[in-house]
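**Student:** My structure file entry01.txt, compact mmCIF, C-alpha atoms and all ligand atoms, is below:
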```txt
# COMPACT_ATOMS: atom_id res chain seq x y z
CA MET A 293 -1.32 3.57 19.82
CA LYS A 294 -2.87 7.00 19.19
CA VAL A 295 -5.35 6.60 16.34
CA LEU A 296 -7.37 9.15 14.40
CA VAL A 297 -10.65 7.59 13.29
CA THR A 298 -12.56 9.45 10.59
CA GLY A 299 -16.21 8.48 10.53
CA GLY A 300 -15.89 7.23 14.10
CA ALA A 301 -19.49 8.25 14.87
CA GLY A 302 -20.87 6.05 12.08
CA TYR A 303 -22.05 2.46 12.20
CA ILE A 304 -18.81 0.59 11.53
CA GLY A 305 -16.54 3.36 12.83
CA SER A 306 -18.25 3.59 16.23
CA VAL A 307 -18.00 -0.17 16.82
CA CYS A 308 -14.34 -0.09 15.79
CA VAL A 309 -13.68 2.79 18.23
CA GLU A 310 -15.31 0.73 20.99
CA GLU A 311 -12.97 -2.18 20.19
CA LEU A 312 -9.91 0.09 19.89
CA ILE A 313 -10.54 1.60 23.30
CA GLY A 314 -11.20 -1.88 24.69
CA ALA A 315 -7.77 -2.90 23.36
CA GLY A 316 -6.10 0.06 25.12
CA HIS A 317 -5.64 2.46 22.19
CA GLN A 318 -6.15 6.24 22.42
CA VAL A 319 -8.73 7.48 19.94
CA VAL A 320 -9.55 10.82 18.31
CA VAL A 321 -12.78 10.72 16.29
CA TRP A 322 -13.31 13.05 13.32
CA ASP A 323 -16.86 13.06 11.96
CA ASN A 324 -19.18 15.61 10.35
CA LEU A 325 -22.25 13.81 11.82
CA SER A 326 -23.94 13.73 8.40
CA GLU A 327 -24.43 9.97 8.84
CA GLY A 328 -22.91 9.48 12.27
CA HIS A 329 -24.38 10.13 15.70
CA ARG A 330 -22.72 11.95 18.58
CA ALA A 331 -24.20 9.41 21.00
CA ALA A 332 -22.46 6.57 19.13
CA VAL A 333 -19.01 7.94 20.00
CA HIS A 334 -17.34 6.14 22.88
CA PRO A 335 -17.09 8.48 25.91
CA GLN A 336 -13.34 7.84 26.23
CA ALA A 337 -12.65 9.06 22.67
CA ILE A 338 -11.87 12.70 21.90
CA PHE A 339 -14.58 13.90 19.51
CA LEU A 340 -14.00 16.56 16.85
CA GLN A 341 -16.76 17.58 14.50
CA GLY A 342 -15.39 18.37 11.08
CA ASP A 343 -15.75 17.71 7.40
CA LEU A 344 -13.17 16.11 5.12
CA ALA A 345 -13.69 19.03 2.76
CA ASP A 346 -12.21 21.36 5.42
CA ARG A 347 -8.60 20.99 4.40
CA ASP A 348 -7.21 23.60 6.78
CA LEU A 349 -8.98 22.26 9.85
CA LEU A 350 -7.92 18.72 8.96
CA HIS A 351 -4.29 19.84 8.72
CA ARG A 352 -4.49 21.59 12.08
CA VAL A 353 -6.11 18.58 13.77
CA VAL A 354 -3.59 16.06 12.46
CA LEU A 355 -0.67 18.36 13.36
CA GLU A 356 -2.05 19.00 16.83
CA HIS A 357 -2.97 15.41 17.75
CA ARG A 358 -0.12 13.67 15.87
CA PRO A 359 -1.80 10.26 15.51
CA GLU A 360 0.44 7.28 14.83
CA ALA A 361 -2.20 5.84 12.52
CA VAL A 362 -5.42 6.86 10.80
CA ILE A 363 -8.42 4.61 10.26
CA HIS A 364 -10.43 6.19 7.48
CA PHE A 365 -14.11 5.20 7.57
CA ALA A 366 -15.65 8.55 6.64
CA GLY A 367 -17.26 8.45 3.23
CA LYS A 368 -20.36 7.88 1.17
CA ALA A 369 -21.34 4.23 0.79
CA LEU A 370 -24.69 3.76 -0.95
CA VAL A 371 -24.82 2.24 -4.43
CA PRO A 372 -28.23 3.71 -5.42
CA GLU A 373 -27.30 7.21 -4.21
CA SER A 374 -24.05 7.03 -6.17
CA MET A 375 -26.01 6.22 -9.34
CA ARG A 376 -28.06 9.42 -8.82
CA ASP A 377 -25.32 11.75 -7.58
CA PRO A 378 -21.85 10.59 -8.67
CA SER A 379 -20.33 14.03 -8.00
CA LEU A 380 -20.97 13.61 -4.26
CA TYR A 381 -19.11 10.30 -4.29
CA TYR A 382 -16.03 11.66 -6.05
CA ARG A 383 -15.96 14.81 -3.89
CA VAL A 384 -16.23 13.01 -0.57
CA ASN A 385 -14.53 9.67 -1.24
CA VAL A 386 -11.73 10.92 -3.49
CA ALA A 387 -11.18 14.65 -2.85
CA GLY A 388 -11.97 14.34 0.89
CA GLY A 389 -9.58 11.42 1.21
CA ILE A 390 -6.82 13.38 -0.52
CA ASN A 391 -7.24 16.20 2.01
CA LEU A 392 -6.75 13.65 4.76
CA LEU A 393 -3.66 12.16 3.12
CA ASP A 394 -2.08 15.58 2.63
CA ALA A 395 -2.62 16.37 6.31
CA MET A 396 -0.98 13.05 7.20
CA VAL A 397 2.01 13.78 4.97
CA ALA A 398 2.38 17.24 6.54
CA ALA A 399 2.34 15.73 10.05
CA GLY A 400 4.59 12.75 9.24
CA CYS A 401 1.82 10.21 9.97
CA ARG A 402 2.27 7.24 7.63
CA LYS A 403 -0.13 4.47 8.51
CA ILE A 404 -3.67 4.48 7.13
CA ILE A 405 -6.32 1.77 7.15
CA PHE A 406 -8.87 2.50 4.47
CA SER A 407 -12.49 1.32 4.22
CA SER A 408 -12.60 -0.02 0.69
CA THR A 409 -15.29 -2.28 -0.70
CA CYS A 410 -16.12 -5.35 -2.72
CA ALA A 411 -17.97 -2.88 -4.99
CA THR A 412 -14.53 -2.10 -6.49
CA TYR A 413 -14.73 -5.50 -8.24
CA GLY A 414 -17.96 -4.98 -10.19
CA LEU A 415 -19.29 -8.20 -11.68
CA PRO A 416 -16.93 -11.00 -10.63
CA GLU A 417 -16.40 -13.89 -13.06
CA LYS A 418 -16.26 -16.39 -10.22
CA ILE A 419 -17.45 -16.63 -6.62
CA PRO A 420 -16.00 -16.55 -4.00
CA MET A 421 -13.76 -13.74 -5.20
CA ASP A 422 -10.19 -13.23 -4.01
CA GLU A 423 -8.07 -10.09 -4.22
CA GLN A 424 -6.85 -10.98 -7.72
CA THR A 425 -10.37 -10.50 -9.11
CA PRO A 426 -10.17 -7.68 -11.70
CA GLN A 427 -11.42 -4.38 -10.28
CA ARG A 428 -14.03 -3.13 -12.75
CA PRO A 429 -16.67 -1.31 -10.70
CA ILE A 430 -20.19 -0.92 -12.10
CA ASN A 431 -21.28 2.06 -9.98
CA PRO A 432 -19.67 5.39 -8.96
CA TYR A 433 -19.50 4.25 -5.33
CA GLY A 434 -17.19 1.33 -6.21
CA HIS A 435 -15.30 3.50 -8.69
CA SER A 436 -14.66 6.28 -6.16
CA LYS A 437 -13.25 3.72 -3.69
CA LEU A 438 -11.07 2.16 -6.39
CA ILE A 439 -9.68 5.57 -7.36
CA PHE A 440 -8.77 6.21 -3.72
CA GLU A 441 -7.05 2.82 -3.46
CA GLN A 442 -4.96 3.89 -6.46
CA VAL A 443 -4.25 7.31 -4.95
CA LEU A 444 -3.02 5.49 -1.83
CA GLY A 445 -0.68 3.43 -4.02
CA TRP A 446 0.97 6.60 -5.36
CA TYR A 447 1.18 8.23 -1.92
CA ALA A 448 2.86 5.04 -0.71
CA GLN A 449 5.47 5.29 -3.47
CA ILE A 450 6.02 9.02 -3.31
CA HIS A 451 5.41 9.93 0.35
CA GLY A 452 6.05 6.65 2.18
CA ILE A 453 2.41 6.31 3.31
CA ILE A 454 1.63 2.75 4.48
CA PRO A 455 -1.93 1.94 3.40
CA THR A 456 -3.96 -1.13 4.26
CA CYS A 457 -7.09 -1.30 2.10
CA LEU A 458 -9.81 -3.46 3.63
CA ARG A 459 -12.39 -4.38 1.02
CA TYR A 460 -15.54 -4.89 3.04
CA PHE A 461 -18.36 -7.13 2.02
CA ASN A 462 -21.72 -6.44 3.75
CA ALA A 463 -21.30 -5.04 7.27
CA SER A 464 -24.10 -6.17 9.56
CA GLY A 465 -24.94 -7.06 13.17
CA ALA A 466 -24.29 -4.88 16.22
CA SER A 467 -22.25 -4.74 19.40
CA ALA A 468 -24.07 -4.76 22.74
CA THR A 469 -24.32 -0.97 22.70
CA ARG A 470 -23.77 0.23 19.12
CA GLY A 471 -25.71 -0.64 16.00
CA GLU A 472 -26.89 0.43 12.59
CA HIS A 473 -28.89 3.67 12.47
CA HIS A 474 -28.99 5.48 9.16
CA ARG A 475 -31.29 8.49 8.98
CA ILE A 476 -32.58 7.16 5.67
CA GLU A 477 -32.28 3.39 5.86
CA THR A 478 -31.62 1.55 2.60
CA HIS A 479 -29.77 -1.57 3.81
CA LEU A 480 -31.38 -4.97 3.72
CA ILE A 481 -30.95 -6.25 7.30
CA PRO A 482 -32.11 -3.07 9.11
CA ASN A 483 -35.02 -2.76 6.67
CA VAL A 484 -36.05 -6.35 7.41
CA LEU A 485 -35.78 -5.83 11.18
CA LEU A 486 -37.61 -2.47 11.13
CA THR A 487 -40.40 -4.32 9.32
CA ALA A 488 -40.36 -7.01 12.03
CA LEU A 489 -40.61 -4.20 14.60
CA GLY A 490 -43.71 -2.88 12.83
CA GLN A 491 -42.06 0.39 11.78
CA ARG A 492 -42.45 -0.56 8.11
CA ASN A 493 -45.26 -2.41 6.41
CA GLU A 494 -43.17 -4.65 4.17
CA VAL A 495 -39.70 -5.37 2.83
CA GLU A 496 -39.13 -4.46 -0.79
CA VAL A 497 -37.15 -7.16 -2.58
CA PHE A 498 -35.13 -5.48 -5.30
CA GLY A 499 -34.88 -7.84 -8.26
CA GLU A 500 -36.25 -11.39 -8.39
CA ASN A 501 -34.76 -12.42 -11.73
CA HIS A 502 -31.06 -12.13 -11.08
CA ALA A 503 -28.80 -14.98 -12.22
CA THR A 504 -28.84 -16.64 -8.77
CA PRO A 505 -30.61 -19.82 -7.56
CA ASP A 506 -33.68 -18.01 -6.16
CA GLY A 507 -33.40 -14.93 -8.39
CA THR A 508 -32.53 -12.51 -5.56
CA CYS A 509 -29.10 -10.98 -4.95
CA ILE A 510 -26.50 -12.84 -2.92
CA ARG A 511 -24.24 -11.02 -0.46
CA ASP A 512 -21.62 -11.99 2.12
CA TYR A 513 -22.74 -10.58 5.48
CA ILE A 514 -19.90 -9.89 7.89
CA HIS A 515 -20.46 -9.02 11.55
CA VAL A 516 -19.40 -5.48 12.35
CA LYS A 517 -17.29 -6.74 15.29
CA ASP A 518 -15.36 -9.07 12.97
CA LEU A 519 -14.87 -6.15 10.62
CA ALA A 520 -13.60 -4.03 13.52
CA SER A 521 -11.12 -6.72 14.54
CA ALA A 522 -9.57 -6.67 11.05
CA HIS A 523 -8.73 -2.98 11.56
CA ILE A 524 -7.13 -3.60 14.91
CA LEU A 525 -4.93 -6.33 13.43
CA ALA A 526 -4.07 -4.07 10.48
CA LEU A 527 -2.70 -1.42 12.88
CA GLU A 528 0.26 -3.71 13.50
CA ARG A 529 1.25 -3.90 9.83
CA ASP A 530 4.15 -1.91 8.49
CA LYS A 531 3.82 -2.52 4.77
CA PRO A 532 1.10 -1.71 2.22
CA GLY A 533 -1.56 -4.33 1.56
CA PHE A 534 -5.12 -4.96 0.46
CA PHE A 535 -7.51 -7.58 1.80
CA ASN A 536 -11.06 -8.79 1.39
CA VAL A 537 -13.06 -8.89 4.62
CA GLY A 538 -15.92 -11.37 4.33
CA THR A 539 -16.91 -14.84 5.47
CA GLY A 540 -16.94 -16.86 2.23
CA ASN A 541 -20.66 -17.60 2.71
CA GLY A 542 -23.27 -15.94 0.55
CA PHE A 543 -26.97 -15.53 1.38
CA SER A 544 -29.73 -14.37 -0.94
CA VAL A 545 -32.17 -11.63 -0.02
CA ARG A 546 -34.85 -14.32 0.41
CA GLN A 547 -32.60 -16.40 2.68
CA VAL A 548 -31.90 -13.36 4.87
CA ILE A 549 -35.61 -12.61 5.20
CA GLU A 550 -36.39 -16.26 6.03
CA ALA A 551 -33.64 -16.36 8.68
CA ALA A 552 -34.94 -13.07 10.13
CA ARG A 553 -38.45 -14.55 10.42
CA LYS A 554 -36.98 -17.34 12.58
CA VAL A 555 -34.91 -15.01 14.79
CA THR A 556 -37.65 -12.41 15.30
CA LYS A 557 -40.62 -14.80 15.23
CA GLN A 558 -42.43 -12.18 13.13
CA GLU A 559 -44.10 -12.60 9.77
CA ILE A 560 -42.17 -9.90 7.78
CA PRO A 561 -44.26 -9.30 4.64
CA VAL A 562 -42.38 -8.74 1.37
CA ARG A 563 -43.10 -7.14 -1.98
CA GLY A 564 -41.17 -7.71 -5.22
CA GLN A 565 -39.68 -4.62 -6.85
CA PRO A 566 -37.54 -4.06 -9.95
CA ALA A 567 -33.79 -4.60 -9.51
CA ARG A 568 -31.80 -1.60 -8.24
CA ALA A 569 -29.48 0.05 -10.76
CA GLY A 570 -25.83 -0.84 -10.19
CA ASP A 571 -26.51 -3.96 -8.05
CA PRO A 572 -24.26 -6.95 -8.86
CA PRO A 573 -26.18 -10.28 -8.55
CA ALA A 574 -23.66 -11.99 -6.25
CA LEU A 575 -20.69 -10.84 -4.14
CA VAL A 576 -18.97 -13.37 -1.87
CA ALA A 577 -15.47 -13.00 -0.41
CA ALA A 578 -12.50 -15.28 -0.33
CA SER A 579 -10.63 -13.87 2.70
CA HIS A 580 -7.80 -16.38 2.97
CA LYS A 581 -5.25 -13.63 2.51
CA LEU A 582 -6.50 -11.73 5.56
CA GLN A 583 -6.60 -14.93 7.60
CA ARG A 584 -3.10 -15.94 6.48
CA GLU A 585 -1.30 -12.59 6.70
CA LEU A 586 -3.07 -10.97 9.67
CA GLY A 587 -4.28 -14.02 11.57
CA TRP A 588 -7.87 -12.75 11.29
CA LYS A 589 -10.84 -15.03 11.91
CA PRO A 590 -14.54 -14.24 11.70
CA ARG A 591 -15.96 -15.17 15.12
CA HIS A 592 -19.48 -13.74 15.07
CA SER A 593 -20.48 -13.89 11.43
CA GLY A 594 -22.96 -16.78 11.28
CA LEU A 595 -26.16 -15.34 9.79
CA GLU A 596 -28.19 -16.24 12.87
CA GLU A 597 -25.76 -14.52 15.26
CA ILE A 598 -25.64 -11.43 13.02
CA LEU A 599 -29.43 -11.22 12.92
CA THR A 600 -29.79 -11.92 16.65
CA HIS A 601 -27.34 -9.13 17.58
CA ALA A 602 -28.91 -6.69 15.11
CA TRP A 603 -32.40 -7.61 16.37
CA ASP A 604 -31.33 -7.09 20.01
CA TRP A 605 -30.02 -3.63 19.11
CA HIS A 606 -33.07 -2.57 17.10
CA ARG A 607 -35.46 -3.83 19.79
CA THR A 608 -33.61 -1.96 22.52
CA HIS A 609 -33.09 1.14 20.29
CA PRO A 610 -36.33 1.39 18.30
CA GLN A 611 -35.55 5.02 17.42
CA GLY A 612 -31.83 4.31 16.89
CA TYR A 613 -29.71 6.95 18.63
CA SER A 614 -32.81 9.19 18.83
CA ASP A 615 -31.11 12.25 17.30
N1 LIG B 1 -32.10 -5.09 -0.82
C1 LIG B 1 -33.45 -5.40 -0.90
N2 LIG B 1 -34.34 -4.67 -0.16
C2 LIG B 1 -33.94 -3.66 0.66
C3 LIG B 1 -32.57 -3.35 0.76
C4 LIG B 1 -31.67 -4.08 0.01
O1 LIG B 1 -33.84 -6.30 -1.64
O2 LIG B 1 -34.80 -3.03 1.30
C5 LIG B 1 -31.12 -5.88 -1.57
C6 LIG B 1 -30.20 -5.05 -2.45
O3 LIG B 1 -30.76 -4.87 -3.73
C7 LIG B 1 -28.94 -5.91 -2.46
C8 LIG B 1 -28.94 -6.58 -1.09
O4 LIG B 1 -30.28 -6.50 -0.62
O5 LIG B 1 -29.06 -6.91 -3.43
C9 LIG B 1 -28.01 -5.91 -0.10
O6 LIG B 1 -28.27 -4.53 -0.15
P1 LIG B 1 -27.67 -3.49 0.86
O7 LIG B 1 -28.21 -2.15 0.48
O8 LIG B 1 -27.93 -3.96 2.25
O9 LIG B 1 -26.10 -3.56 0.65
P2 LIG B 1 -25.20 -3.39 -0.70
O10 LIG B 1 -24.87 -4.80 -1.13
O11 LIG B 1 -25.96 -2.60 -1.70
O12 LIG B 1 -24.00 -2.66 -0.19
```
Go through the file and emit its structure as structure tokens.

**Tutor:**
Amino acid sequence: MKVLVTGGAGYIGSVCVEELIGAGHQVVVWDNLSEGHRAAVHPQAIFLQGDLADRDLLHRVVLEHRPEAVIHFAGKALVPESMRDPSLYYRVNVAGGINLLDAMVAAGCRKIIFSSTCATYGLPEKIPMDEQTPQRPINPYGHSKLIFEQVLGWYAQIHGIIPTCLRYFNASGASATRGEHHRIETHLIPNVLLTALGQRNEVEVFGENHATPDGTCIRDYIHVKDLASAHILALERDKPGFFNVGTGNGFSVRQVIEAARKVTKQEIPVRGQPARAGDPPALVAASHKLQRELGWKPRHSGLEEILTHAWDWHRTHPQGYSD
């Protein structure tokens, strides 16, 4: 299949492109390189640098390349940043996404796989959470993704777009050649491993009095390759749908740090900090729907394997993609 991948130079997008090409698909990557890295783009993919805000260029690109499907990773995805600058989140995640959809409609491209998030749920009443959990986001990041899910619903009804919304839990791990390199790193696992590498003095633990067994936040860490495989399966679908993508296992911040000490054999000092604004205490997926309807299975998402792969990547790429 010919697939347009927005955000294909980013962490999850670049690993997905690697898997798409491995599965024999043709890939065009669209990325503004604000978060992504040129060196992360698979050499067999066509690379186009562009911004979702550039409506005209997006129209021209989709008309010229005529993809059969779009995988839409490009977007802003940091809870704390969204609490400081909500406008950025609505402009990129909502308005940018609408520009993409309009280009698809103009070119007659109907299939889109959208990177949604468990942050659309807010504070779940029970864990693990399935897709029926009410979507009541508690930060602009989750809200912007929920709005775009709803926009997709209307474009499905009115324009015949076929959206698959994949609600990611916490992407983590690395492939053999592509890993997590954010220019300003805020995520837990890379921060822990950069501390193990000696690039940081300590890990800040945000919030030690949450309503969880050890007081630190619980998340469901899903290996980026398992996340990528959900997209490849979703390409085969021909009706709208929405799915959680997680493992069903939750680990606290303290548990992640302890497991990282074992994998890296480093001390990894920590320091308690106040809780981050907008952080739900616990998010753990029930992904039975994805397993049942798409035949998906997490194959690499044990915490030790995730940390081992991420550690291998950080050790071999201490400066990330060095750009
Ligand atoms: N976290 C932390 N220290 C860090 C980074 C993150 O304690 O240096 C916590 C954060 O508050 C959250 C969890 O680790 O509870 C996962 O955060 P991350 O930013 O990796 O992903 P999020 O769940 O926000 O998408």

**Student:** When you count only C-alpha atoms and all ligand atoms, which of these residues is closest to ligand LIG 1 (chain B): A:Val307, A:Cys509, A:Met396, A:Leu575?

**Tutor:** A:Cys509

**Student:** In Å, with one decimal, what is the gap from atom CA of A:Asn462 to atom CA of A:Ala552?

**Tutor:** 16.1 Å

**Student:** Work out how far atom CA of A:His334 is from atom CA of A:Leu350, in Å to one decimal.

**Tutor:**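 Taking atom CA of A:Leu350 and atom CA of A:His334, their separation equals 21.0 Å.
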
**Student:** Applying 8 Å and only C-alpha atoms, which residues near stretch 530-533 of chain A remain after dropping the ones on its own chain fewer than 6 positions away? List them as number ranges by chain.

**Tutor:** A: 403, 448, 454-457

**Student:** Kindly assemble as CSV a list of the chain A residues that lie within 10 Å of ligand LIG 1 (chain B), each paired with its nearest atom pair and their distance in Å to one decimal, using all atoms listed in the file, sorted first by chain and then by ascending residue number.

**Tutor:**
```
residue,atom,partner,partner_atom,distance
A:Ala369,CA,B:LIG1,O12,7.5
A:Leu370,CA,B:LIG1,O12,6.5
A:Val371,CA,B:LIG1,O11,5.7
A:Pro372,CA,B:LIG1,O11,7.7
A:Thr409,CA,B:LIG1,O12,8.7
A:Cys410,CA,B:LIG1,O12,8.7
A:Ala411,CA,B:LIG1,O12,7.7
A:Tyr433,CA,B:LIG1,O12,9.7
A:Gly434,CA,B:LIG1,O12,9.9
A:Tyr460,CA,B:LIG1,O12,9.3
A:Phe461,CA,B:LIG1,O12,7.5
A:Asn462,CA,B:LIG1,O12,5.9
A:Ala463,CA,B:LIG1,O12,8.3
A:Ser464,CA,B:LIG1,O8,8.5
A:Glu477,CA,B:LIG1,O2,8.3
A:Thr478,CA,B:LIG1,C3,5.3
A:His479,CA,B:LIG1,O8,3.4
A:Leu480,CA,B:LIG1,C3,3.6
A:Ile481,CA,B:LIG1,O8,6.3
A:Pro482,CA,B:LIG1,O8,8.1
A:Asn483,CA,B:LIG1,O2,5.4
A:Val484,CA,B:LIG1,O2,7.1
A:Thr487,CA,B:LIG1,O2,9.9
A:Glu494,CA,B:LIG1,O2,9.0
A:Val495,CA,B:LIG1,O2,5.6
A:Glu496,CA,B:LIG1,N2,4.8
A:Val497,CA,B:LIG1,O1,3.5
A:Phe498,CA,B:LIG1,O1,4.0
A:Gly499,CA,B:LIG1,O3,6.8
A:Glu500,CA,B:LIG1,O1,8.8
A:His502,CA,B:LIG1,O5,9.5
A:Thr508,CA,B:LIG1,O5,6.9
A:Cys509,CA,B:LIG1,O5,4.3
A:Ile510,CA,B:LIG1,O5,6.5
A:Arg511,CA,B:LIG1,O10,6.3
A:Asp512,CA,B:LIG1,O10,8.5
A:Tyr513,CA,B:LIG1,C9,9.0
A:Phe543,CA,B:LIG1,C8,9.5
A:Ser544,CA,B:LIG1,C8,7.8
A:Val545,CA,B:LIG1,O4,5.5
A:Arg546,CA,B:LIG1,O1,8.3
A:Val548,CA,B:LIG1,O4,8.9
A:Ile549,CA,B:LIG1,O1,9.5
A:Val562,CA,B:LIG1,N2,9.1
A:Arg563,CA,B:LIG1,N2,9.3
A:Gly564,CA,B:LIG1,O1,8.3
A:Gln565,CA,B:LIG1,O1,8.0
A:Pro566,CA,B:LIG1,O3,9.2
A:Ala567,CA,B:LIG1,O3,6.5
A:Arg568,CA,B:LIG1,O3,5.7
A:Ala569,CA,B:LIG1,O3,8.7
A:Gly570,CA,B:LIG1,O11,8.7
A:Asp571,CA,B:LIG1,O5,6.0
A:Pro572,CA,B:LIG1,O5,7.2
A:Pro573,CA,B:LIG1,O5,6.8
A:Ala574,CA,B:LIG1,O5,7.9
A:Leu575,CA,B:LIG1,O10,7.9
```

**Student:** Using all atoms listed in the file, which of A:Ile439, A:Leu312, A:Ala522, A:Ala361 sits nearest A:Gln336?

**Tutor:**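 Closest to A:Gln336 of all the choices is A:Leu312.
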
**Student:** Under the rule that all atoms listed in the file are counted, which of A:Arg459, A:Arg553, A:Arg591, A:Arg358 is the nearest residue to A:Ser521?

**Tutor:**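 For A:Ser521, the nearest of the given residues is A:Arg591.
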
**Student:** For A:Pro505, which of A:His357, A:Gln547, A:Asp377, A:Arg347 is the closest residue, counting only C-alpha atoms?

**Tutor:** A:Gln547

**Student:** Restricting the calculation to all atoms listed in the file, which member of A:Pro426, A:Pro420, A:Gly400, A:Gly367 is positioned closest to A:Phe440?

**Tutor:**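 Ranked by minimum distance to A:Phe440, first place goes to A:Gly367.
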
**Student:** Report, in Å with one decimal, the straight-line distance from atom CA of A:Gly540 to atom CA of A:Val576.

**Tutor:** 5.8 Å

**Student:** Starting from the point (-2.9, 15.6, 0.8), work out which residues of protein, DNA or RNA have an atom no more than 12 Å away when counting all atoms listed in the file; state them as a PyMOL selection string.

**Tutor:** chain A and resi 344-348+350-351+354+386-402+440+443-444+446-447+450-451+453
